[in-house]
file work08.txt (compact mmCIF, N, CA and C atoms)
# COMPACT_ATOMS: atom_id res chain seq x y z
N MET X 1 -33.81 -19.39 -12.44
CA MET X 1 -34.82 -18.37 -12.56
C MET X 1 -34.69 -17.74 -13.95
N TYR X 2 -35.85 -17.47 -14.56
CA TYR X 2 -35.89 -16.86 -15.88
C TYR X 2 -36.86 -15.68 -15.83
N GLU X 3 -36.61 -14.68 -16.66
CA GLU X 3 -37.45 -13.50 -16.69
C GLU X 3 -38.00 -13.30 -18.10
N TYR X 4 -39.32 -13.12 -18.19
CA TYR X 4 -39.99 -12.99 -19.47
C TYR X 4 -41.00 -11.85 -19.44
N SER X 5 -41.26 -11.31 -20.61
CA SER X 5 -42.40 -10.43 -20.79
C SER X 5 -43.61 -11.34 -20.98
N ALA X 6 -44.75 -10.93 -20.44
CA ALA X 6 -45.94 -11.77 -20.53
C ALA X 6 -47.19 -10.91 -20.63
N ARG X 7 -48.24 -11.55 -21.11
CA ARG X 7 -49.53 -10.89 -21.23
C ARG X 7 -50.53 -11.69 -20.39
N LEU X 8 -51.25 -10.98 -19.52
CA LEU X 8 -52.26 -11.63 -18.69
C LEU X 8 -53.42 -12.09 -19.57
N VAL X 9 -53.77 -13.36 -19.46
CA VAL X 9 -54.92 -13.91 -20.17
C VAL X 9 -56.11 -13.97 -19.23
N ARG X 10 -55.85 -14.49 -18.01
CA ARG X 10 -56.94 -14.68 -17.06
C ARG X 10 -56.40 -14.79 -15.64
N ILE X 11 -57.17 -14.29 -14.70
CA ILE X 11 -56.87 -14.47 -13.29
C ILE X 11 -57.74 -15.64 -12.82
N VAL X 12 -57.12 -16.75 -12.45
CA VAL X 12 -57.85 -17.94 -12.03
C VAL X 12 -58.36 -17.76 -10.61
N ASP X 13 -57.46 -17.42 -9.72
CA ASP X 13 -57.78 -17.06 -8.35
C ASP X 13 -56.67 -16.13 -7.89
N ALA X 14 -56.66 -15.77 -6.62
CA ALA X 14 -55.75 -14.72 -6.18
C ALA X 14 -54.28 -15.09 -6.33
N ASP X 15 -53.94 -16.37 -6.36
CA ASP X 15 -52.52 -16.73 -6.50
C ASP X 15 -52.21 -17.55 -7.75
N THR X 16 -53.12 -17.59 -8.71
CA THR X 16 -52.89 -18.33 -9.95
C THR X 16 -53.35 -17.51 -11.15
N LEU X 17 -52.45 -17.37 -12.12
CA LEU X 17 -52.72 -16.60 -13.33
C LEU X 17 -52.50 -17.48 -14.55
N ILE X 18 -53.20 -17.16 -15.63
CA ILE X 18 -52.92 -17.75 -16.93
C ILE X 18 -52.26 -16.66 -17.76
N LEU X 19 -51.06 -16.95 -18.27
CA LEU X 19 -50.29 -15.96 -19.02
C LEU X 19 -49.91 -16.49 -20.39
N ASP X 20 -49.79 -15.58 -21.35
CA ASP X 20 -49.10 -15.86 -22.60
C ASP X 20 -47.71 -15.28 -22.40
N ILE X 21 -46.68 -16.13 -22.52
CA ILE X 21 -45.31 -15.73 -22.21
C ILE X 21 -44.50 -15.60 -23.49
N ASP X 22 -43.84 -14.46 -23.63
CA ASP X 22 -42.97 -14.19 -24.78
C ASP X 22 -41.61 -14.81 -24.49
N LEU X 23 -41.28 -15.87 -25.22
CA LEU X 23 -40.00 -16.56 -25.03
C LEU X 23 -38.88 -15.93 -25.83
N GLY X 24 -39.22 -14.95 -26.67
CA GLY X 24 -38.23 -14.31 -27.52
C GLY X 24 -38.22 -14.91 -28.91
N MET X 25 -37.63 -14.19 -29.85
CA MET X 25 -37.50 -14.65 -31.24
C MET X 25 -38.85 -15.04 -31.83
N HIS X 26 -39.88 -14.24 -31.53
CA HIS X 26 -41.24 -14.44 -32.06
C HIS X 26 -41.85 -15.77 -31.63
N THR X 27 -41.46 -16.26 -30.47
CA THR X 27 -41.97 -17.52 -29.95
C THR X 27 -42.72 -17.25 -28.65
N TRP X 28 -43.97 -17.72 -28.59
CA TRP X 28 -44.81 -17.51 -27.42
C TRP X 28 -45.25 -18.84 -26.84
N LEU X 29 -45.37 -18.88 -25.52
CA LEU X 29 -45.97 -20.00 -24.81
C LEU X 29 -47.33 -19.52 -24.35
N HIS X 30 -48.38 -20.04 -24.95
CA HIS X 30 -49.73 -19.56 -24.67
C HIS X 30 -50.39 -20.38 -23.56
N GLY X 31 -51.15 -19.68 -22.71
CA GLY X 31 -51.97 -20.35 -21.70
C GLY X 31 -51.20 -21.01 -20.59
N GLN X 32 -50.06 -20.44 -20.22
CA GLN X 32 -49.23 -21.04 -19.16
C GLN X 32 -49.78 -20.67 -17.79
N ARG X 33 -50.02 -21.67 -16.96
CA ARG X 33 -50.52 -21.45 -15.60
C ARG X 33 -49.31 -21.14 -14.71
N ILE X 34 -49.38 -19.99 -14.04
CA ILE X 34 -48.32 -19.55 -13.14
C ILE X 34 -48.91 -19.36 -11.75
N ARG X 35 -48.28 -19.95 -10.77
CA ARG X 35 -48.70 -19.75 -9.38
C ARG X 35 -47.76 -18.73 -8.76
N ALA X 36 -48.31 -17.76 -8.05
CA ALA X 36 -47.51 -16.73 -7.40
C ALA X 36 -46.55 -17.36 -6.40
N ALA X 37 -45.29 -17.06 -6.53
CA ALA X 37 -44.25 -17.63 -5.66
C ALA X 37 -44.28 -16.98 -4.28
N GLY X 38 -44.01 -17.79 -3.27
CA GLY X 38 -43.81 -17.28 -1.93
C GLY X 38 -45.06 -16.92 -1.15
N LEU X 39 -46.23 -17.30 -1.67
CA LEU X 39 -47.45 -16.96 -0.95
C LEU X 39 -48.54 -17.98 -1.21
N ASN X 40 -49.54 -17.95 -0.36
CA ASN X 40 -50.72 -18.79 -0.51
C ASN X 40 -51.93 -17.93 -0.18
N ALA X 41 -52.80 -17.73 -1.16
CA ALA X 41 -54.01 -16.93 -0.97
C ALA X 41 -55.16 -17.82 -0.52
N PRO X 42 -56.17 -17.24 0.10
CA PRO X 42 -57.33 -18.03 0.52
C PRO X 42 -58.02 -18.69 -0.67
N GLU X 43 -58.70 -19.79 -0.43
CA GLU X 43 -59.41 -20.51 -1.48
C GLU X 43 -60.56 -19.67 -2.00
N LEU X 44 -60.79 -19.76 -3.29
CA LEU X 44 -61.80 -18.95 -3.97
C LEU X 44 -63.21 -19.19 -3.43
N ALA X 45 -63.47 -20.36 -2.89
CA ALA X 45 -64.81 -20.68 -2.38
C ALA X 45 -65.14 -19.97 -1.07
N THR X 46 -64.18 -19.23 -0.52
CA THR X 46 -64.40 -18.52 0.74
C THR X 46 -64.58 -17.03 0.49
N ASP X 47 -65.16 -16.33 1.46
CA ASP X 47 -65.29 -14.87 1.35
C ASP X 47 -63.92 -14.22 1.22
N ALA X 48 -62.96 -14.71 2.00
CA ALA X 48 -61.60 -14.15 1.93
C ALA X 48 -60.98 -14.38 0.56
N GLY X 49 -61.26 -15.54 -0.04
CA GLY X 49 -60.73 -15.84 -1.37
C GLY X 49 -61.32 -14.93 -2.44
N ARG X 50 -62.62 -14.67 -2.33
CA ARG X 50 -63.26 -13.76 -3.30
C ARG X 50 -62.75 -12.34 -3.11
N ALA X 51 -62.51 -11.94 -1.87
CA ALA X 51 -61.96 -10.60 -1.60
C ALA X 51 -60.53 -10.49 -2.15
N ALA X 52 -59.74 -11.54 -1.99
CA ALA X 52 -58.37 -11.54 -2.50
C ALA X 52 -58.37 -11.47 -4.02
N LEU X 53 -59.28 -12.19 -4.67
CA LEU X 53 -59.39 -12.15 -6.12
C LEU X 53 -59.74 -10.73 -6.59
N ALA X 54 -60.67 -10.08 -5.92
CA ALA X 54 -61.03 -8.70 -6.26
C ALA X 54 -59.84 -7.77 -6.07
N TRP X 55 -59.06 -8.01 -5.02
CA TRP X 55 -57.88 -7.20 -4.75
C TRP X 55 -56.86 -7.35 -5.89
N VAL X 56 -56.65 -8.60 -6.36
CA VAL X 56 -55.71 -8.85 -7.46
C VAL X 56 -56.19 -8.16 -8.74
N ARG X 57 -57.48 -8.25 -9.02
CA ARG X 57 -58.02 -7.55 -10.20
C ARG X 57 -57.76 -6.05 -10.12
N ASP X 58 -57.99 -5.49 -8.93
CA ASP X 58 -57.73 -4.06 -8.74
C ASP X 58 -56.24 -3.74 -8.91
N TRP X 59 -55.38 -4.64 -8.43
CA TRP X 59 -53.94 -4.44 -8.57
C TRP X 59 -53.57 -4.34 -10.04
N PHE X 60 -54.09 -5.26 -10.85
CA PHE X 60 -53.79 -5.22 -12.28
C PHE X 60 -54.34 -3.95 -12.93
N THR X 61 -55.53 -3.52 -12.53
CA THR X 61 -56.11 -2.28 -13.08
C THR X 61 -55.22 -1.09 -12.77
N GLN X 62 -54.67 -1.07 -11.56
CA GLN X 62 -53.83 0.05 -11.15
C GLN X 62 -52.42 -0.02 -11.72
N HIS X 63 -51.81 -1.19 -11.70
CA HIS X 63 -50.38 -1.30 -12.03
C HIS X 63 -50.08 -1.83 -13.43
N ALA X 64 -50.99 -2.57 -14.02
CA ALA X 64 -50.75 -3.14 -15.36
C ALA X 64 -52.07 -3.16 -16.13
N PRO X 65 -52.63 -1.98 -16.41
CA PRO X 65 -53.97 -1.92 -16.98
C PRO X 65 -54.13 -2.59 -18.34
N VAL X 66 -53.07 -2.70 -19.12
CA VAL X 66 -53.19 -3.40 -20.41
C VAL X 66 -52.77 -4.86 -20.30
N GLY X 67 -52.40 -5.30 -19.09
CA GLY X 67 -52.10 -6.70 -18.85
C GLY X 67 -50.70 -7.15 -19.24
N ILE X 68 -49.82 -6.21 -19.58
CA ILE X 68 -48.44 -6.58 -19.91
C ILE X 68 -47.60 -6.50 -18.63
N ILE X 69 -46.94 -7.60 -18.31
CA ILE X 69 -46.16 -7.69 -17.09
C ILE X 69 -44.82 -8.37 -17.39
N THR X 70 -43.98 -8.44 -16.37
CA THR X 70 -42.78 -9.27 -16.40
C THR X 70 -43.00 -10.37 -15.39
N VAL X 71 -42.65 -11.59 -15.76
CA VAL X 71 -42.75 -12.71 -14.83
C VAL X 71 -41.37 -13.33 -14.68
N ARG X 72 -40.96 -13.50 -13.44
CA ARG X 72 -39.73 -14.23 -13.12
C ARG X 72 -40.16 -15.61 -12.66
N THR X 73 -39.80 -16.62 -13.42
CA THR X 73 -40.27 -17.97 -13.12
C THR X 73 -39.19 -18.80 -12.47
N GLU X 74 -39.65 -19.79 -11.73
CA GLU X 74 -38.75 -20.77 -11.12
C GLU X 74 -39.50 -22.08 -11.02
N LYS X 75 -38.83 -23.16 -11.17
CA LYS X 75 -39.47 -24.46 -11.06
C LYS X 75 -39.67 -24.79 -9.59
N ASP X 76 -40.89 -25.16 -9.23
CA ASP X 76 -41.17 -25.55 -7.85
C ASP X 76 -40.79 -27.01 -7.66
N ARG X 77 -39.68 -27.24 -7.03
CA ARG X 77 -39.20 -28.63 -6.88
C ARG X 77 -40.10 -29.46 -5.97
N ASN X 78 -40.92 -28.81 -5.13
CA ASN X 78 -41.80 -29.54 -4.22
C ASN X 78 -43.19 -29.79 -4.79
N ASP X 79 -43.45 -29.32 -6.00
CA ASP X 79 -44.79 -29.42 -6.56
C ASP X 79 -44.92 -30.67 -7.42
N ASN X 80 -45.85 -31.54 -7.06
CA ASN X 80 -46.06 -32.78 -7.80
C ASN X 80 -46.61 -32.55 -9.20
N TYR X 81 -47.16 -31.37 -9.44
CA TYR X 81 -47.81 -31.09 -10.73
C TYR X 81 -46.90 -30.35 -11.69
N GLY X 82 -45.66 -30.05 -11.29
CA GLY X 82 -44.72 -29.39 -12.19
C GLY X 82 -45.07 -27.96 -12.51
N ARG X 83 -45.89 -27.34 -11.67
CA ARG X 83 -46.29 -25.96 -11.93
C ARG X 83 -45.10 -25.01 -11.81
N LEU X 84 -45.15 -23.96 -12.62
CA LEU X 84 -44.16 -22.90 -12.49
C LEU X 84 -44.60 -21.92 -11.43
N LEU X 85 -43.65 -21.48 -10.65
CA LEU X 85 -43.89 -20.40 -9.70
C LEU X 85 -43.36 -19.13 -10.33
N GLY X 86 -44.03 -18.02 -10.05
CA GLY X 86 -43.58 -16.78 -10.65
C GLY X 86 -43.70 -15.59 -9.73
N THR X 87 -42.80 -14.67 -9.93
CA THR X 87 -42.88 -13.35 -9.31
C THR X 87 -43.40 -12.42 -10.39
N ILE X 88 -44.48 -11.72 -10.09
CA ILE X 88 -45.18 -10.90 -11.07
C ILE X 88 -44.83 -9.44 -10.86
N LEU X 89 -44.24 -8.82 -11.89
CA LEU X 89 -43.79 -7.43 -11.81
C LEU X 89 -44.53 -6.59 -12.83
N ALA X 90 -45.03 -5.45 -12.39
CA ALA X 90 -45.74 -4.52 -13.27
C ALA X 90 -44.75 -3.56 -13.92
N PRO X 91 -45.17 -2.91 -15.02
CA PRO X 91 -44.29 -1.94 -15.68
C PRO X 91 -43.86 -0.78 -14.77
N ASP X 92 -44.69 -0.46 -13.77
CA ASP X 92 -44.35 0.64 -12.86
C ASP X 92 -43.45 0.19 -11.71
N GLY X 93 -43.03 -1.09 -11.72
CA GLY X 93 -42.12 -1.61 -10.69
C GLY X 93 -42.81 -2.30 -9.54
N ALA X 94 -44.14 -2.24 -9.46
CA ALA X 94 -44.86 -2.91 -8.38
C ALA X 94 -44.73 -4.42 -8.53
N CYS X 95 -44.70 -5.11 -7.40
CA CYS X 95 -44.60 -6.57 -7.38
C CYS X 95 -45.87 -7.14 -6.75
N LEU X 96 -46.63 -7.90 -7.54
CA LEU X 96 -47.88 -8.48 -7.04
C LEU X 96 -47.62 -9.32 -5.80
N ASN X 97 -46.60 -10.14 -5.81
CA ASN X 97 -46.33 -11.06 -4.71
C ASN X 97 -46.12 -10.31 -3.39
N THR X 98 -45.23 -9.33 -3.38
CA THR X 98 -44.95 -8.61 -2.13
C THR X 98 -46.13 -7.71 -1.75
N ASP X 99 -46.81 -7.15 -2.74
CA ASP X 99 -47.97 -6.30 -2.43
C ASP X 99 -49.10 -7.11 -1.80
N MET X 100 -49.33 -8.33 -2.29
CA MET X 100 -50.38 -9.17 -1.69
C MET X 100 -50.06 -9.50 -0.24
N LEU X 101 -48.82 -9.85 0.01
CA LEU X 101 -48.42 -10.16 1.39
C LEU X 101 -48.56 -8.93 2.29
N ALA X 102 -48.10 -7.78 1.80
CA ALA X 102 -48.16 -6.55 2.58
C ALA X 102 -49.60 -6.13 2.88
N ALA X 103 -50.51 -6.41 1.94
CA ALA X 103 -51.92 -6.04 2.11
C ALA X 103 -52.71 -7.08 2.90
N GLY X 104 -52.08 -8.17 3.29
CA GLY X 104 -52.77 -9.21 4.05
C GLY X 104 -53.71 -10.05 3.20
N GLN X 105 -53.51 -10.08 1.88
CA GLN X 105 -54.36 -10.86 0.99
C GLN X 105 -53.86 -12.29 0.79
N ALA X 106 -52.71 -12.59 1.37
CA ALA X 106 -52.13 -13.93 1.28
C ALA X 106 -51.19 -14.13 2.46
N LEU X 107 -50.84 -15.38 2.70
CA LEU X 107 -49.87 -15.74 3.73
C LEU X 107 -48.58 -16.20 3.05
N PRO X 108 -47.45 -16.00 3.72
CA PRO X 108 -46.20 -16.51 3.16
C PRO X 108 -46.27 -18.03 2.99
N TRP X 109 -45.68 -18.54 1.90
CA TRP X 109 -45.67 -19.97 1.66
C TRP X 109 -44.38 -20.35 0.99
N PRO X 110 -43.64 -21.37 1.39
CA PRO X 110 -44.03 -22.18 2.53
C PRO X 110 -43.91 -21.38 3.82
N ARG X 111 -44.71 -21.81 4.78
CA ARG X 111 -44.74 -21.09 6.06
C ARG X 111 -43.42 -21.27 6.79
N PRO X 112 -43.02 -20.24 7.54
CA PRO X 112 -41.81 -20.39 8.38
C PRO X 112 -41.97 -21.57 9.33
N ALA X 113 -40.87 -22.24 9.63
CA ALA X 113 -40.88 -23.45 10.45
C ALA X 113 -41.58 -23.23 11.79
N ALA X 114 -41.42 -22.08 12.42
CA ALA X 114 -42.04 -21.81 13.71
C ALA X 114 -43.57 -21.86 13.60
N GLU X 115 -44.14 -21.35 12.50
CA GLU X 115 -45.59 -21.38 12.31
C GLU X 115 -46.07 -22.80 12.10
N VAL X 116 -45.33 -23.61 11.35
CA VAL X 116 -45.72 -25.00 11.12
C VAL X 116 -45.75 -25.73 12.45
N LYS X 117 -44.74 -25.49 13.29
CA LYS X 117 -44.66 -26.15 14.58
C LYS X 117 -45.86 -25.76 15.46
N GLU X 118 -46.26 -24.47 15.42
CA GLU X 118 -47.40 -24.01 16.20
C GLU X 118 -48.68 -24.70 15.81
N THR X 119 -48.92 -24.85 14.50
CA THR X 119 -50.20 -25.39 14.04
C THR X 119 -50.25 -26.90 14.02
N THR X 120 -49.10 -27.55 13.91
CA THR X 120 -49.10 -29.02 13.83
C THR X 120 -48.64 -29.68 15.12
N GLY X 121 -47.96 -28.91 15.98
CA GLY X 121 -47.42 -29.49 17.19
C GLY X 121 -46.16 -30.29 16.93
N ALA X 122 -45.65 -30.27 15.70
CA ALA X 122 -44.45 -31.05 15.35
C ALA X 122 -43.19 -30.32 15.74
call {"tool": "encode", "arguments": {"input": "work08.txt", "output": "structure tokens"}}
result
Amino acid sequence: MYEYSARLVRIVDADTLILDIDLGMHTWLHGQRIRAAGLNAPELATDAGRAALAWVRDWFTQHAPVGIITVRTEKDRNDNYGRLLGTILAPDGACLNTDMLAAGQALPWPRPAAEVKETTGA
């Protein structure tokens, strides 16, 4: 796990952000796609997905109005696309990931084994 200062470039959907990440020593990684760790938000094509996106925009307005955040990244070993997972922290200490889950704007991911068994019968 690594922790960086970052600047929000764009909110793609409720669980995916584009960030410019400060790697230190005047070195930046621009346009890095970060998926929120530990959750799965509804798809943007749904009413719930559009509502979750609006909720995330409001969260940034309230907690990180200038778009400067801290991101704790981790490599998702299960992701075929090599995407980085991140925990998003605002300057006031708020955590986007836990706040989304608490507000019902996303579900925990990966799902607990008991939930998988319920929905798949496995």
call {"tool": "select_by_dssp", "arguments": {"input": "work08.txt", "residues": "chain X", "states": "alpha helix (DSSP H)", "output": "VMD selection string"}}
result
chain X and resid 47 to 63 96 to 102 113 to 120
call {"tool": "residues_around", "arguments": {"input": "work08.txt", "residues": "Ile68 of chain X", "least_positions_apart": "5", "cutoff": "7 Å", "atoms": "all atoms listed in the file", "output": "tab-separated table (two decimals) with N, CA and C atoms, in the coordinates of the input"}}
result
chain	number	residue	atom	x	y	z
X	5	SER	N	-41.26	-11.31	-20.61
X	5	SER	CA	-42.40	-10.43	-20.79
X	5	SER	C	-43.61	-11.34	-20.98
X	6	ALA	N	-44.75	-10.93	-20.44
X	6	ALA	CA	-45.94	-11.77	-20.53
X	6	ALA	C	-47.19	-10.91	-20.63
X	7	ARG	N	-48.24	-11.55	-21.11
X	7	ARG	CA	-49.53	-10.89	-21.23
X	7	ARG	C	-50.53	-11.69	-20.39
X	8	LEU	N	-51.25	-10.98	-19.52
X	8	LEU	CA	-52.26	-11.63	-18.69
X	8	LEU	C	-53.42	-12.09	-19.57
X	89	LEU	N	-44.24	-8.82	-11.89
X	89	LEU	CA	-43.79	-7.43	-11.81
X	89	LEU	C	-44.53	-6.59	-12.83
X	90	ALA	N	-45.03	-5.45	-12.39
X	90	ALA	CA	-45.74	-4.52	-13.27
X	90	ALA	C	-44.75	-3.56	-13.92
X	91	PRO	N	-45.17	-2.91	-15.02
X	91	PRO	CA	-44.29	-1.94	-15.68
X	91	PRO	C	-43.86	-0.78	-14.77
call {"tool": "residues_around", "arguments": {"input": "work08.txt", "residues": "segment 104-110 of chain X", "least_positions_apart": "6", "cutoff": "7 Å", "atoms": "all atoms listed in the file", "output": "mmCIF file with N, CA and C atoms, keeping the file's coordinate frame"}}
result
data_model
loop_
_atom_site.group_PDB
_atom_site.id
_atom_site.type_symbol
_atom_site.label_atom_id
_atom_site.label_comp_id
_atom_site.auth_asym_id
_atom_site.auth_seq_id
_atom_site.Cartn_x
_atom_site.Cartn_y
_atom_site.Cartn_z
ATOM 1 N N ALA X 37 -45.290 -17.060 -6.530
ATOM 2 C CA ALA X 37 -44.250 -17.630 -5.660
ATOM 3 C C ALA X 37 -44.280 -16.980 -4.280
ATOM 4 N N GLY X 38 -44.010 -17.790 -3.270
ATOM 5 C CA GLY X 38 -43.810 -17.280 -1.930
ATOM 6 C C GLY X 38 -45.060 -16.920 -1.150
ATOM 7 N N LEU X 39 -46.230 -17.300 -1.670
ATOM 8 C CA LEU X 39 -47.450 -16.960 -0.950
ATOM 9 C C LEU X 39 -48.540 -17.980 -1.210
ATOM 10 N N ASN X 40 -49.540 -17.950 -0.360
ATOM 11 C CA ASN X 40 -50.720 -18.790 -0.510
ATOM 12 C C ASN X 40 -51.930 -17.930 -0.180
ATOM 13 N N ALA X 41 -52.800 -17.730 -1.160
ATOM 14 C CA ALA X 41 -54.010 -16.930 -0.970
ATOM 15 C C ALA X 41 -55.160 -17.820 -0.520
ATOM 16 N N PRO X 42 -56.170 -17.240 0.100
ATOM 17 C CA PRO X 42 -57.330 -18.030 0.520
ATOM 18 C C PRO X 42 -58.020 -18.690 -0.670
ATOM 19 N N ALA X 51 -62.510 -11.940 -1.870
ATOM 20 C CA ALA X 51 -61.960 -10.600 -1.600
ATOM 21 C C ALA X 51 -60.530 -10.490 -2.150
ATOM 22 N N ALA X 52 -59.740 -11.540 -1.990
ATOM 23 C CA ALA X 52 -58.370 -11.540 -2.500
ATOM 24 C C ALA X 52 -58.370 -11.470 -4.020
#
call {"tool": "atom_distance", "arguments": {"input": "work08.txt", "atom1": "atom CA of Leu96 of chain X", "atom2": "atom CA of Asp20 of chain X"}}
result
17.3 Å
call {"tool": "atom_distance", "arguments": {"input": "work08.txt", "atom1": "atom C of Gln62 of chain X", "atom2": "atom CA of His26 of chain X"}}
result
27.3 Å
call {"tool": "closest_residue", "arguments": {"input": "work08.txt", "among": "X:Ile34, X:Asn97, X:Ala64, X:Leu19", "to": "Arg83 of chain X", "atoms": "all atoms listed in the file"}}
result
X:Ile34
call {"tool": "select_by_dssp", "arguments": {"input": "work08.txt", "residues": "chain X", "states": "strand (DSSP E or B)", "output": "JSON, numbers by chain"}}
result
{"X": [2, 3, 4, 5, 6, 7, 8, 9, 10, 11, 12, 13, 16, 17, 18, 19, 20, 21, 22, 23, 24, 27, 28, 29, 30, 31, 32, 33, 34, 35, 36, 39, 40, 68, 69, 70, 71, 72, 73, 74, 75, 84, 85, 86, 87, 88, 89, 95, 107, 108]}
call {"tool": "atom_distance", "arguments": {"input": "work08.txt", "atom1": "atom CA of Trp55 of chain X", "atom2": "atom N of Arg33 of chain X"}}
result
20.5 Å
call {"tool": "closest_residue", "arguments": {"input": "work08.txt", "among": "X:Thr46, X:Leu17, X:Tyr4, X:Thr87", "to": "Gln32 of chain X", "atoms": "only C-alpha atoms"}}
result
X:Leu17
call {"tool": "axis_aligned_box", "arguments": {"input": "work08.txt", "around": "segment 22-39 of chain X", "padding_each_side": "4 Å", "output": "AutoDock Vina command-line options"}}
result
--center_x -44.7 --center_y -17.9 --center_z -16.5 --size_x 22.5 --size_y 15.5 --size_z 39.1
call {"tool": "closest_residue", "arguments": {"input": "work08.txt", "among": "X:Arg57, X:Arg72, X:His63, X:His30", "to": "Ile11 of chain X", "atoms": "only N, CA and C atoms"}}
result
X:Arg57
call {"tool": "residues_around", "arguments": {"input": "work08.txt", "residues": "Thr73 of chain X", "least_positions_apart": "6", "cutoff": "6 Å", "atoms": "all atoms listed in the file", "output": "JSON, numbers by chain"}}
result
{"X": [1, 2, 3, 4, 85, 86, 87]}
